[in-house]
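Printed here is input.cif (mmCIF, C-alpha atoms):
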data_data
#
loop_
_atom_site.label_atom_id
_atom_site.label_comp_id
_atom_site.auth_asym_id
_atom_site.auth_seq_id
_atom_site.Cartn_x
_atom_site.Cartn_y
_atom_site.Cartn_z
CA MET O 1 0.00 0.00 0.00
CA LEU O 2 1.18 3.43 -0.95
CA ARG O 3 1.69 5.67 2.02
CA VAL O 4 1.91 9.46 2.18
CA ASP O 5 2.53 11.13 5.51
CA ARG O 6 -0.08 13.33 7.12
CA ILE O 7 0.69 16.99 6.84
CA THR O 8 0.65 19.22 9.87
CA ASP O 9 0.47 22.57 8.10
CA GLY O 10 -0.88 22.88 4.58
CA ILE O 11 -3.72 22.07 2.25
CA VAL O 12 -5.33 18.84 1.14
CA ILE O 13 -7.41 18.93 -2.03
CA ASP O 14 -9.52 15.82 -1.75
CA HIS O 15 -12.32 14.25 -3.82
CA ILE O 16 -10.93 15.34 -7.17
CA GLN O 17 -12.59 13.43 -9.96
CA THR O 18 -10.16 10.73 -10.97
CA GLY O 19 -8.11 11.77 -14.00
CA ARG O 20 -8.41 15.48 -13.18
CA GLY O 21 -5.71 15.51 -10.51
CA LEU O 22 -2.83 16.03 -12.87
CA LYS O 23 -4.58 18.92 -14.60
CA VAL O 24 -5.35 20.58 -11.26
CA PHE O 25 -1.73 20.03 -10.22
CA GLU O 26 -0.45 21.66 -13.43
CA ARG O 27 -2.91 24.55 -13.47
CA LEU O 28 -2.28 25.44 -9.84
CA GLY O 29 1.40 25.72 -10.73
CA LEU O 30 2.44 23.05 -8.24
CA ARG O 31 5.13 21.64 -10.52
CA LYS O 32 7.28 24.61 -9.59
CA ALA O 33 6.51 24.47 -5.87
CA GLY O 34 9.54 24.66 -3.61
CA TYR O 35 7.79 22.71 -0.80
CA PRO O 36 6.65 19.09 -0.58
CA VAL O 37 3.63 18.30 -2.74
CA ALA O 38 2.00 14.91 -3.32
CA LEU O 39 -0.30 14.01 -6.16
CA LEU O 40 -2.15 10.78 -5.57
CA MET O 41 -4.13 9.28 -8.40
CA ASN O 42 -6.75 6.55 -8.49
CA VAL O 43 -7.06 6.36 -4.72
CA ALA O 44 -9.91 4.13 -3.49
CA SER O 45 -12.88 6.16 -2.27
CA SER O 46 -16.06 4.91 -0.61
CA LYS O 47 -18.01 7.85 -2.09
CA MET O 48 -16.51 8.09 -5.55
CA GLY O 49 -15.03 4.66 -6.24
CA ARG O 50 -11.76 6.25 -7.27
CA LYS O 51 -10.48 9.75 -6.72
CA ASP O 52 -7.39 11.91 -6.97
CA ILE O 53 -5.88 13.80 -4.02
CA ILE O 54 -3.30 16.58 -3.80
CA LYS O 55 -1.46 17.27 -0.56
CA ILE O 56 0.47 20.51 -0.26
CA SER O 57 2.77 21.07 2.68
CA ASP O 58 2.43 24.84 2.66
CA THR O 59 -0.34 27.28 3.52
CA LEU O 60 -0.47 29.06 0.18
CA ASP O 61 -3.45 30.82 -1.41
CA ILE O 62 -4.77 28.46 -4.04
CA ASP O 63 -6.79 29.71 -6.99
CA LEU O 64 -10.28 28.56 -6.02
CA THR O 65 -11.76 29.85 -9.29
CA MET O 66 -9.42 27.64 -11.26
CA LEU O 67 -10.03 24.73 -8.91
CA GLY O 68 -13.80 25.28 -9.13
CA LEU O 69 -13.64 25.07 -12.90
CA LEU O 70 -11.58 21.87 -12.95
CA ALA O 71 -12.91 20.12 -9.90
CA PRO O 72 -16.03 21.84 -8.57
CA ASP O 73 -16.87 18.99 -6.19
CA ALA O 74 -13.42 18.70 -4.65
CA THR O 75 -12.96 19.55 -0.99
CA VAL O 76 -10.17 21.78 0.21
CA ASP O 77 -9.01 21.18 3.78
CA TYR O 78 -6.83 23.83 5.37
CA ILE O 79 -4.67 22.25 8.04
CA GLU O 80 -2.91 23.97 10.92
CA ASP O 81 -1.01 22.15 13.66
CA GLY O 82 -2.38 18.85 12.40
CA ALA O 83 -6.03 19.90 12.62
CA VAL O 84 -8.46 20.88 9.86
CA THR O 85 -9.29 24.53 10.50
CA ARG O 86 -11.36 25.22 7.39
CA LYS O 87 -13.10 23.12 4.75
CA VAL O 88 -14.11 24.57 1.39
CA THR O 89 -15.91 23.12 -1.62
CA PRO O 90 -15.09 25.52 -4.46
CA GLY O 91 -18.12 24.83 -6.70
CA LEU O 92 -18.40 26.26 -10.19
CA PRO O 93 -17.42 29.94 -10.19
CA GLU O 94 -20.09 32.40 -11.39
CA ARG O 95 -17.62 34.47 -13.39
CA VAL O 96 -14.37 33.31 -14.92
CA VAL O 97 -11.84 35.81 -16.18
CA GLY O 98 -9.05 34.71 -18.48
CA LEU O 99 -9.28 30.96 -17.87
CA ILE O 100 -11.66 29.85 -20.61
CA GLU O 101 -10.83 30.43 -24.23
CA CYS O 102 -13.65 31.51 -26.55
CA LYS O 103 -13.73 29.13 -29.50
CA ASN O 104 -15.91 31.36 -31.67
CA PRO O 105 -13.66 32.67 -34.48
CA ARG O 106 -16.11 35.54 -35.05
CA CYS O 107 -15.76 36.74 -31.44
CA ILE O 108 -14.04 40.09 -30.85
CA VAL O 109 -11.80 38.44 -28.22
CA ALA O 110 -10.31 36.26 -30.98
CA VAL O 111 -8.84 39.31 -32.74
CA GLU O 112 -8.16 41.76 -29.92
CA ARG O 113 -5.13 40.18 -28.32
CA GLN O 114 -4.93 42.41 -25.25
CA VAL O 115 -8.45 41.50 -24.20
CA THR O 116 -9.03 38.90 -21.49
CA SER O 117 -11.89 36.49 -21.98
CA VAL O 118 -14.82 36.72 -19.56
CA PHE O 119 -17.29 33.88 -19.12
CA THR O 120 -20.34 33.70 -16.90
CA LEU O 121 -22.04 30.57 -15.63
CA VAL O 122 -25.42 30.11 -17.32
CA ASP O 123 -26.29 26.49 -16.52
CA ARG O 124 -24.82 24.99 -13.37
CA GLU O 125 -26.15 21.51 -14.02
CA ALA O 126 -24.82 21.36 -17.57
CA LYS O 127 -21.62 23.18 -16.46
CA GLU O 128 -22.19 25.64 -19.24
CA TYR O 129 -20.57 29.06 -19.49
CA GLU O 130 -21.32 31.94 -21.85
CA CYS O 131 -18.81 34.36 -23.38
CA ALA O 132 -19.61 37.85 -22.11
CA TYR O 133 -18.77 39.27 -25.53
CA CYS O 134 -20.17 37.03 -28.25
CA GLY O 135 -22.55 34.81 -26.25
CA GLU O 136 -20.85 31.57 -27.34
CA ARG O 137 -21.54 28.76 -24.87
CA VAL O 138 -18.98 26.23 -23.69
CA ARG O 139 -19.14 23.26 -21.34
CA VAL O 140 -16.30 22.87 -18.88
CA MET D 1 -32.47 54.47 -18.27
CA ALA D 2 -29.60 52.95 -16.37
CA THR D 3 -27.25 52.52 -19.29
CA ASN D 4 -25.60 55.29 -21.20
CA HIS D 5 -24.88 53.04 -24.17
CA PHE D 6 -27.14 51.16 -26.55
CA LEU D 7 -25.48 47.85 -27.26
CA ALA D 8 -28.22 45.22 -27.49
CA SER D 9 -31.92 45.38 -28.21
CA LEU D 10 -32.83 43.91 -24.83
CA ASP D 11 -30.73 46.51 -22.97
CA PHE D 12 -33.83 48.67 -22.99
CA SER D 13 -37.03 47.62 -21.27
CA PRO D 14 -40.42 48.06 -23.00
CA GLU D 15 -40.84 51.18 -20.83
CA ASN D 16 -37.49 52.54 -22.06
CA TYR D 17 -38.65 51.99 -25.62
CA ASP D 18 -41.92 53.79 -24.87
CA VAL D 19 -39.92 56.84 -23.78
CA LEU D 20 -38.04 56.79 -27.10
CA PHE D 21 -41.23 56.27 -29.14
CA SER D 22 -42.91 59.29 -27.50
CA LEU D 23 -39.85 61.39 -28.13
CA ALA D 24 -39.51 60.22 -31.75
CA SER D 25 -43.18 60.96 -32.36
CA ARG D 26 -42.77 64.47 -30.91
CA ILE D 27 -39.83 64.98 -33.26
CA ILE D 28 -41.93 63.87 -36.25
CA ASP D 29 -44.76 66.21 -35.19
CA SER D 30 -42.58 69.27 -34.70
CA PRO D 31 -39.11 68.76 -36.15
CA SER D 32 -38.19 72.44 -35.85
CA ASP D 33 -38.39 72.18 -32.06
CA TYR D 34 -35.50 69.75 -32.21
CA GLY D 35 -33.40 71.36 -34.94
CA ASP D 36 -30.96 72.79 -32.39
CA ARG D 37 -31.19 70.11 -29.76
CA CYS D 38 -27.68 68.80 -30.36
CA ARG D 39 -26.05 72.04 -31.44
CA GLY D 40 -22.39 71.93 -30.47
CA LYS D 41 -22.35 68.16 -30.13
CA LEU D 42 -20.29 65.84 -32.31
CA MET D 43 -21.09 62.29 -33.32
CA ALA D 44 -18.36 60.00 -34.64
CA THR D 45 -19.28 57.14 -36.93
CA LEU D 46 -16.82 54.26 -36.97
CA PHE D 47 -17.81 51.68 -39.54
CA TYR D 48 -15.49 48.71 -39.80
CA GLU D 49 -17.65 47.21 -42.50
CA PRO D 50 -19.68 48.79 -45.27
CA SER D 51 -23.14 50.11 -44.60
CA THR D 52 -25.29 52.54 -46.52
CA ARG D 53 -28.62 52.79 -44.78
CA THR D 54 -27.56 52.62 -41.15
CA ARG D 55 -24.76 55.10 -41.55
CA LEU D 56 -26.80 57.59 -43.57
CA SER D 57 -29.69 57.26 -41.17
CA PHE D 58 -27.46 58.09 -38.20
CA GLU D 59 -25.74 60.96 -39.95
CA ALA D 60 -29.03 62.43 -41.14
CA ALA D 61 -30.41 62.07 -37.62
CA MET D 62 -27.51 63.97 -36.03
CA LEU D 63 -27.49 66.69 -38.68
CA ARG D 64 -31.25 67.22 -38.28
CA LEU D 65 -30.66 67.71 -34.56
CA GLY D 66 -28.17 70.47 -35.33
CA GLY D 67 -25.13 68.41 -34.33
CA GLY D 68 -22.02 67.63 -36.31
CA VAL D 69 -20.70 64.38 -37.67
CA ILE D 70 -17.13 63.13 -38.03
CA SER D 71 -16.34 59.86 -39.68
CA VAL D 72 -13.69 57.87 -41.43
CA ALA D 73 -14.27 56.46 -44.87
CA SER D 74 -13.39 53.00 -43.67
CA ALA D 75 -12.30 52.46 -40.10
CA LYS D 76 -10.93 49.06 -41.05
CA SER D 77 -8.43 50.40 -43.55
CA SER D 78 -7.22 53.23 -41.37
CA SER D 79 -6.50 52.05 -37.85
CA VAL D 80 -6.65 48.28 -37.93
CA SER D 81 -4.06 48.12 -40.68
CA LYS D 82 -1.68 49.98 -38.38
CA GLY D 83 -2.33 47.42 -35.68
CA GLU D 84 -4.26 49.68 -33.31
CA SER D 85 -6.50 47.93 -30.84
CA LEU D 86 -10.21 48.66 -30.75
CA GLY D 87 -9.89 49.96 -27.21
CA ASP D 88 -7.26 52.53 -28.23
CA THR D 89 -9.31 53.67 -31.21
CA ILE D 90 -12.40 54.13 -29.06
CA ARG D 91 -10.54 56.04 -26.35
CA THR D 92 -9.02 58.35 -28.97
CA VAL D 93 -12.25 58.98 -30.85
CA GLY D 94 -14.08 59.36 -27.53
CA GLY D 95 -11.81 62.32 -26.85
CA TYR D 96 -13.00 64.05 -30.02
CA ALA D 97 -16.71 63.25 -30.09
CA ASP D 98 -19.66 63.31 -27.68
CA LEU D 99 -21.17 60.13 -29.06
CA ILE D 100 -19.85 57.15 -31.03
CA VAL D 101 -21.74 54.94 -33.45
CA MET D 102 -19.81 51.82 -34.35
CA ARG D 103 -20.35 48.93 -36.74
CA HIS D 104 -17.91 46.05 -36.51
CA PRO D 105 -17.80 42.61 -38.13
CA LYS D 106 -16.87 40.79 -34.92
CA GLU D 107 -19.43 39.57 -32.41
CA GLY D 108 -19.31 41.36 -29.07
CA ALA D 109 -17.24 44.24 -30.48
CA ALA D 110 -19.73 46.80 -29.17
CA ILE D 111 -19.57 45.41 -25.63
CA LEU D 112 -15.79 45.64 -25.70
CA ALA D 113 -15.82 49.13 -27.21
CA ALA D 114 -18.25 50.36 -24.56
CA GLU D 115 -15.82 49.24 -21.84
CA TYR D 116 -13.33 51.78 -23.18
CA SER D 117 -15.65 54.53 -24.37
CA PRO D 118 -15.71 57.73 -22.33
CA VAL D 119 -18.85 58.81 -24.22
CA PRO D 120 -22.16 57.08 -25.05
CA LEU D 121 -21.70 54.36 -27.63
CA ILE D 122 -24.33 53.01 -30.00
CA ASN D 123 -23.94 49.59 -31.57
CA GLY D 124 -24.57 49.99 -35.28
CA GLY D 125 -24.23 46.23 -35.74
CA ASP D 126 -21.62 43.77 -34.46
CA GLY D 127 -21.31 40.73 -36.68
CA ALA D 128 -24.24 38.38 -36.51
CA ARG D 129 -24.92 39.30 -32.88
CA GLU D 130 -26.82 42.55 -32.52
CA HIS D 131 -28.16 45.47 -34.52
CA PRO D 132 -30.26 47.16 -31.87
CA THR D 133 -31.15 50.34 -33.76
CA GLN D 134 -32.77 48.18 -36.44
CA THR D 135 -34.90 46.66 -33.68
CA LEU D 136 -35.63 50.15 -32.38
CA THR D 137 -36.68 51.12 -35.92
CA ASP D 138 -38.85 48.04 -36.33
CA LEU D 139 -40.55 48.46 -32.97
CA PHE D 140 -41.17 52.15 -33.60
CA THR D 141 -42.69 51.34 -36.99
CA ILE D 142 -45.07 48.82 -35.42
CA HIS D 143 -45.85 51.34 -32.69
CA ARG D 144 -46.68 54.01 -35.29
CA PHE D 145 -49.00 51.79 -37.30
CA LYS D 146 -50.51 49.56 -34.62
CA GLU D 147 -50.22 51.81 -31.54
CA HIS D 148 -49.72 48.77 -29.29
CA PHE D 149 -47.78 45.51 -29.11
CA ASP D 150 -49.93 43.31 -26.88
CA GLY D 151 -51.65 40.43 -28.65
CA LEU D 152 -50.10 41.13 -32.04
CA THR D 153 -49.56 38.29 -34.49
CA VAL D 154 -46.29 38.87 -36.29
CA ALA D 155 -45.28 36.72 -39.26
CA PHE D 156 -41.61 36.55 -40.17
CA CYS D 157 -40.85 35.33 -43.67
CA GLY D 158 -37.67 34.28 -45.47
CA ASP D 159 -34.26 33.66 -43.96
CA LEU D 160 -35.01 33.25 -40.27
CA ARG D 161 -31.82 31.33 -39.59
CA TYR D 162 -29.20 33.94 -40.36
CA GLY D 163 -31.23 37.14 -40.18
CA ARG D 164 -30.08 38.95 -37.03
CA THR D 165 -32.83 41.57 -37.40
CA VAL D 166 -35.37 38.76 -37.01
CA HIS D 167 -33.58 37.31 -33.98
CA SER D 168 -33.48 40.64 -32.17
CA LEU D 169 -37.03 41.67 -33.07
CA VAL D 170 -38.64 38.38 -32.14
CA LYS D 171 -37.01 38.55 -28.70
CA ALA D 172 -37.98 42.18 -28.17
CA LEU D 173 -41.60 41.47 -29.17
CA ALA D 174 -41.74 38.38 -26.95
CA ARG D 175 -41.74 40.70 -23.94
CA TYR D 176 -45.30 41.82 -24.68
CA SER D 177 -48.30 39.82 -23.56
CA GLY D 178 -50.10 37.62 -26.05
CA ALA D 179 -47.13 37.60 -28.41
CA LYS D 180 -47.76 35.28 -31.33
CA PHE D 181 -45.25 34.51 -34.06
CA ILE D 182 -45.67 32.74 -37.36
CA LEU D 183 -42.34 31.66 -38.74
CA ILE D 184 -42.46 31.21 -42.50
CA SER D 185 -39.28 29.73 -43.93
CA PRO D 186 -37.89 26.78 -45.83
CA PRO D 187 -36.68 24.00 -43.51
CA GLU D 188 -33.07 24.99 -44.26
CA LEU D 189 -33.59 28.51 -42.96
CA ARG D 190 -35.69 27.95 -39.83
CA LEU D 191 -35.34 30.13 -36.74
CA PRO D 192 -32.46 28.62 -34.70
CA GLU D 193 -33.46 26.47 -31.75
CA ARG D 194 -31.43 28.79 -29.50
CA ILE D 195 -33.64 31.77 -30.39
CA VAL D 196 -36.83 29.73 -29.91
CA ARG D 197 -35.54 28.76 -26.45
CA GLU D 198 -34.72 32.37 -25.58
CA VAL D 199 -38.18 33.54 -26.68
CA LYS D 200 -39.73 30.89 -24.42
CA GLU D 201 -37.53 32.01 -21.54
CA ILE D 202 -38.59 35.62 -22.05
CA ASN D 203 -42.26 34.76 -22.30
CA PRO D 204 -43.37 31.17 -21.70
CA ALA D 205 -46.84 32.09 -23.00
CA ALA D 206 -45.55 33.30 -26.38
CA THR D 207 -46.60 31.07 -29.25
CA LEU D 208 -44.40 30.22 -32.21
CA GLU D 209 -45.82 28.44 -35.21
CA GLU D 210 -43.57 27.22 -37.99
CA THR D 211 -44.71 26.80 -41.55
CA ALA D 212 -43.15 26.54 -44.98
CA ARG D 213 -46.19 28.08 -46.69
CA MET D 214 -46.32 31.84 -46.94
CA GLU D 215 -50.11 31.81 -47.30
CA ASP D 216 -50.51 30.28 -43.80
CA GLY D 217 -49.13 33.39 -42.18
CA LEU D 218 -50.67 36.01 -44.39
CA GLU D 219 -54.24 35.23 -43.45
CA ILE D 220 -53.91 35.96 -39.76
CA ALA D 221 -50.91 38.27 -39.38
CA ASP D 222 -51.09 41.85 -38.11
CA VAL D 223 -47.52 42.41 -39.25
CA LEU D 224 -45.62 40.63 -42.02
CA TYR D 225 -41.86 41.03 -41.65
CA MET D 226 -40.14 40.06 -44.89
CA THR D 227 -36.43 39.27 -45.17
CA ARG D 228 -34.06 38.65 -48.00
CA ILE D 229 -32.88 35.13 -48.77
CA GLN D 230 -29.16 35.45 -49.31
CA LYS D 231 -27.51 33.57 -52.12
CA GLU D 232 -24.29 32.99 -50.20
CA ARG D 233 -26.13 30.78 -47.71
CA PHE D 234 -26.64 28.05 -50.30
CA PHE D 235 -24.36 25.39 -51.68
CA ASN D 236 -26.04 25.22 -55.03
CA GLU D 237 -27.69 27.78 -57.24
CA GLU D 238 -30.72 25.57 -57.92
CA ASP D 239 -31.80 25.41 -54.27
CA TYR D 240 -31.29 29.13 -53.91
CA ILE D 241 -33.44 29.99 -56.89
CA ARG D 242 -36.17 27.54 -55.87
CA LEU D 243 -36.38 28.95 -52.33
CA ARG D 244 -35.98 32.54 -53.36
CA ASP D 245 -38.90 32.25 -55.73
CA THR D 246 -41.09 30.49 -53.14
CA TYR D 247 -41.09 33.46 -50.87
CA ILE D 248 -41.93 36.31 -53.16
CA LEU D 249 -44.70 38.54 -51.92
CA THR D 250 -46.98 39.31 -54.83
CA GLU D 251 -50.30 41.15 -55.17
CA ASP D 252 -51.93 37.79 -55.58
CA LYS D 253 -50.60 36.46 -52.28
CA LEU D 254 -51.32 39.72 -50.48
CA ARG D 255 -55.02 39.34 -51.33
CA ALA D 256 -55.33 36.76 -48.55
CA ALA D 257 -54.09 39.27 -45.95
CA SER D 258 -56.16 41.61 -43.83
CA SER D 259 -56.50 45.19 -45.02
CA GLU D 260 -54.99 46.25 -41.68
CA MET D 261 -51.85 44.14 -41.97
CA ILE D 262 -48.57 45.98 -42.53
CA VAL D 263 -45.65 44.70 -44.62
CA MET D 264 -42.22 45.50 -43.22
CA HIS D 265 -38.71 44.83 -44.53
CA PRO D 266 -35.34 45.94 -43.10
CA LEU D 267 -34.11 46.62 -46.69
CA PRO D 268 -32.36 46.22 -49.03
CA ARG D 269 -35.03 44.37 -50.94
CA VAL D 270 -33.97 42.16 -53.82
CA THR D 271 -36.75 40.05 -55.29
CA GLU D 272 -38.77 39.02 -52.23
CA ILE D 273 -41.30 41.83 -52.53
CA ASP D 274 -42.76 42.45 -55.94
CA TYR D 275 -42.44 46.12 -56.95
CA ALA D 276 -46.19 46.19 -57.60
CA ILE D 277 -46.71 45.90 -53.82
CA ASP D 278 -45.05 49.28 -53.23
CA ALA D 279 -48.25 51.11 -54.12
CA ASP D 280 -50.32 49.07 -51.64
CA PRO D 281 -51.05 51.08 -48.47
CA ARG D 282 -50.01 48.05 -46.42
CA ALA D 283 -46.43 48.31 -47.70
CA VAL D 284 -44.67 50.38 -45.05
CA TYR D 285 -41.00 49.51 -45.60
CA PHE D 286 -40.00 52.92 -46.84
CA ASP D 287 -41.89 54.53 -43.93
CA GLN D 288 -39.96 52.10 -41.76
CA ALA D 289 -36.63 53.39 -43.11
CA ARG D 290 -37.78 56.97 -42.52
CA PHE D 291 -39.02 56.19 -39.00
CA GLY D 292 -35.63 54.67 -38.35
CA MET D 293 -34.07 58.08 -38.72
CA PHE D 294 -36.53 59.65 -36.26
CA ALA D 295 -36.04 56.79 -33.84
CA ARG D 296 -32.28 57.35 -34.03
CA MET D 297 -32.80 61.09 -33.45
CA ALA D 298 -34.72 60.20 -30.28
CA LEU D 299 -31.98 57.80 -29.22
CA ILE D 300 -29.24 60.40 -29.76
CA VAL D 301 -31.16 63.06 -27.83
CA HIS D 302 -31.77 60.58 -25.08
CA LEU D 303 -28.18 59.40 -24.75
CA LEU D 304 -26.83 62.93 -24.81
CA SER D 305 -29.35 64.07 -22.23
CA ASP D 306 -28.89 63.99 -18.47
CA LYS D 307 -32.59 64.04 -17.75
CA GLU D 308 -34.50 60.87 -16.98
CA ASP D 309 -37.29 61.45 -19.51
CA GLY D 310 -34.76 61.66 -22.30
CA ASP D 311 -36.05 64.95 -23.63
CA ALA D 312 -33.02 67.13 -23.17
#
Now that the file is in, can you turn its structure into structure tokens?
Amino acid sequence: MLRVDRITDGIVIDHIQTGRGLKVFERLGLRKAGYPVALLMNVASSKMGRKDIIKISDTLDIDLTMLGLLAPDATVDYIEDGAVTRKVTPGLPERVVGLIECKNPRCIVAVERQVTSVFTLVDREAKEYECAYCGERVRV
Amino acid sequence: MATNHFLASLDFSPENYDVLFSLASRIIDSPSDYGDRCRGKLMATLFYEPSTRTRLSFEAAMLRLGGGVISVASAKSSSVSKGESLGDTIRTVGGYADLIVMRHPKEGAAILAAEYSPVPLINGGDGAREHPTQTLTDLFTIHRFKEHFDGLTVAFCGDLRYGRTVHSLVKALARYSGAKFILISPPELRLPERIVREVKEINPAATLEETARMEDGLEIADVLYMTRIQKERFFNEEDYIRLRDTYILTEDKLRAASSEMIVMHPLPRVTEIDYAIDADPRAVYFDQARFGMFARMALIVHLLSDKEDGDA
């Protein structure tokens, strides 16, 4: 059995849909982290069957908008002195700036390079977002 | 009105539109009262794609209000070719003019431009997305001839798939009670499912009836909104000619319609309305173009005014 030590101070991102862990790891910039980080994939889970987990041995500010987009149902446990002090489920963010690319070639964002894309959540169940400029819808 | 721009047809509530219709009607009744209303004000027209009617209509509107107009022959060839961003162009022009009218081929361009504009900005069309002053024109025309919107049966005929004027108007009309739409088009050019869904979201009680036969709509419509079937939408010439000729409004077909029905068209017309119809009192498309200018005068006065009622 694979064993990863408990962390006393840091963050555990648990209940990540299996297969998404690596993407979350990359997008949160953890590859360049100077502190211990563990990415566990395909861990057995009573709730989910299988899940991915990320353990970060540092109390950094993680990008909950990004995490919400990639793994809205994940749980984020903030740990201090070995105890969970705060538990957050990011959920799908209402407004996403700069993280989703508009695929509509007729959209103004496609030609104006200095402009950051803005998407708003229009259907939580379908995980559907709408471009604030051209109205194009994308599923995340 | 909360907004100081006019970017999309649904930006304005039915009450906002009523304010503009009253003002436009007052301008029609006594144009001389408004001949100096915008004296000392400058409107810039930035057209990144060609337009005849919309641009002339706006320029005529501003000149009739006593204001001035500055424009570039083709915004696309001047600034874009030098690599200037839309935001920079808008900020620069906004320093010269009191109002900007912009047409741009990209969808959402008006929303982006408004983020940078220090002065009121009017969307003169942004790609296939919005052309709100055409909707304003269409609504004002219906208002002038029918005096109300509730319970009207409006038939749309022709290219309902790609026609943005149809998309905007059908959504704006859906906000009135008893809205009923007859959608006359070939199967290839039906109103997109997305627009049907939006209409239903706006007004679950609105009814939409689809038909391929023009006659079905003519008998019961209060308003017939004709559109052009565009050749470039078809893969082969044969299909285009067959469909184009199916939806030609002739005197013969118009016989089935009520004497109170009005025939509208955003223009330019090609073959879809027989020239013989022009003499029929029900043909109001040239009135529509003229009303568009008055509606734009009302919009300009309103956007340049600080007062709530829009009558500066």
Using all atoms listed in the file, the residue out of O:Val12, O:Gln17, O:Arg6, O:Ser117 with shortest distance to Leu60 in chain O is O:Val12
**Request:** Determine, counting all atoms listed in the file, which protein, DNA and RNA residues have an atom within 12 Å of an atom of Asp123 in chain O; residues of the same chain fewer than 4 positions away are not included. Present the result as a ChimeraX atom specification.
**Result:** /O:92-94,119,127-130,137-140
Under the PyMOL selection byres ((chain O) within 12 of (chain D)), which residues of this model are included? Write them out as a PDB file with C-alpha atoms, keeping the file's coordinate frame.
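Listing of out29.pdb after writing:
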ATOM      1  CA  CYS O 102     -13.650  31.510 -26.550  1.00  0.00           C
ATOM      2  CA  ASN O 104     -15.910  31.360 -31.670  1.00  0.00           C
ATOM      3  CA  PRO O 105     -13.660  32.670 -34.480  1.00  0.00           C
ATOM      4  CA  ARG O 106     -16.110  35.540 -35.050  1.00  0.00           C
ATOM      5  CA  CYS O 107     -15.760  36.740 -31.440  1.00  0.00           C
ATOM      6  CA  ILE O 108     -14.040  40.090 -30.850  1.00  0.00           C
ATOM      7  CA  VAL O 109     -11.800  38.440 -28.220  1.00  0.00           C
ATOM      8  CA  ALA O 110     -10.310  36.260 -30.980  1.00  0.00           C
ATOM      9  CA  VAL O 111      -8.840  39.310 -32.740  1.00  0.00           C
ATOM     10  CA  GLU O 112      -8.160  41.760 -29.920  1.00  0.00           C
ATOM     11  CA  ARG O 113      -5.130  40.180 -28.320  1.00  0.00           C
ATOM     12  CA  GLN O 114      -4.930  42.410 -25.250  1.00  0.00           C
ATOM     13  CA  VAL O 115      -8.450  41.500 -24.200  1.00  0.00           C
ATOM     14  CA  THR O 116      -9.030  38.900 -21.490  1.00  0.00           C
ATOM     15  CA  SER O 117     -11.890  36.490 -21.980  1.00  0.00           C
ATOM     16  CA  VAL O 118     -14.820  36.720 -19.560  1.00  0.00           C
ATOM     17  CA  CYS O 131     -18.810  34.360 -23.380  1.00  0.00           C
ATOM     18  CA  ALA O 132     -19.610  37.850 -22.110  1.00  0.00           C
ATOM     19  CA  TYR O 133     -18.770  39.270 -25.530  1.00  0.00           C
ATOM     20  CA  CYS O 134     -20.170  37.030 -28.250  1.00  0.00           C
ATOM     21  CA  GLY O 135     -22.550  34.810 -26.250  1.00  0.00           C
ATOM     22  CA  GLU O 136     -20.850  31.570 -27.340  1.00  0.00           C
ATOM     23  CA  ARG O 137     -21.540  28.760 -24.870  1.00  0.00           C
TER      24      ARG O 137
END
query: Got a sec to check which residues sit within 10 Å of (-4.6, 19.6, 10.8), counting only C-alpha atoms, and write them as a PyMOL selection string?
result: chain O and resi 6-12+77-86
I need the output of the PyMOL selection byres ((chain O and resi 30) around 12) for this file as a PyMOL selection string; which residues are they?
chain O and resi 21-29+31-39+54-58+60-63
Would you compute the distance between CA of Gly292 in chain D and CA of Arg64 in chain D? Give it in Å to one decimal.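 Value for the CA of Gly292 in chain D-CA of Arg64 in chain D distance: 13.3 Å.
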With the PyMOL selection byres ((chain D and resi 209-222) around 6) as the selection, what would be picked from this file? Answer as a JSON list (two decimals) with C-alpha atoms, in the coordinates of the input, please.
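Output contents, as saved in selection_16.json:
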[["chain", "number", "residue", "atom", "x", "y", "z"],
["D", 153, "THR", "CA", -49.56, 38.29, -34.49],
["D", 154, "VAL", "CA", -46.29, 38.87, -36.29],
["D", 155, "ALA", "CA", -45.28, 36.72, -39.26],
["D", 182, "ILE", "CA", -45.67, 32.74, -37.36],
["D", 183, "LEU", "CA", -42.34, 31.66, -38.74],
["D", 184, "ILE", "CA", -42.46, 31.21, -42.50],
["D", 185, "SER", "CA", -39.28, 29.73, -43.93],
["D", 186, "PRO", "CA", -37.89, 26.78, -45.83],
["D", 208, "LEU", "CA", -44.40, 30.22, -32.21],
["D", 223, "VAL", "CA", -47.52, 42.41, -39.25],
["D", 256, "ALA", "CA", -55.33, 36.76, -48.55],
["D", 257, "ALA", "CA", -54.09, 39.27, -45.95],
["D", 261, "MET", "CA", -51.85, 44.14, -41.97]]
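Proximity ranking of D:Asp29, D:Lys146, D:Arg175, D:Val301 relative to Met43 in chain D places D:Val301 first, based on all atoms listed in the file.
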Could you pull out every residue with an atom within 12 Å of (-25.4, 31.7, -51.1), file coordinates, counting only C-alpha atoms, and send them as a tab-separated table (two decimals) with C-alpha atoms, in the coordinates of the input?
chain	number	residue	atom	x	y	z
D	159	ASP	CA	-34.26	33.66	-43.96
D	162	TYR	CA	-29.20	33.94	-40.36
D	189	LEU	CA	-33.59	28.51	-42.96
D	228	ARG	CA	-34.06	38.65	-48.00
D	229	ILE	CA	-32.88	35.13	-48.77
D	230	GLN	CA	-29.16	35.45	-49.31
D	231	LYS	CA	-27.51	33.57	-52.12
D	232	GLU	CA	-24.29	32.99	-50.20
D	233	ARG	CA	-26.13	30.78	-47.71
D	234	PHE	CA	-26.64	28.05	-50.30
D	235	PHE	CA	-24.36	25.39	-51.68
D	236	ASN	CA	-26.04	25.22	-55.03
D	237	GLU	CA	-27.69	27.78	-57.24
D	238	GLU	CA	-30.72	25.57	-57.92
D	239	ASP	CA	-31.80	25.41	-54.27
D	240	TYR	CA	-31.29	29.13	-53.91
D	241	ILE	CA	-33.44	29.99	-56.89
D	243	LEU	CA	-36.38	28.95	-52.33
D	244	ARG	CA	-35.98	32.54	-53.36
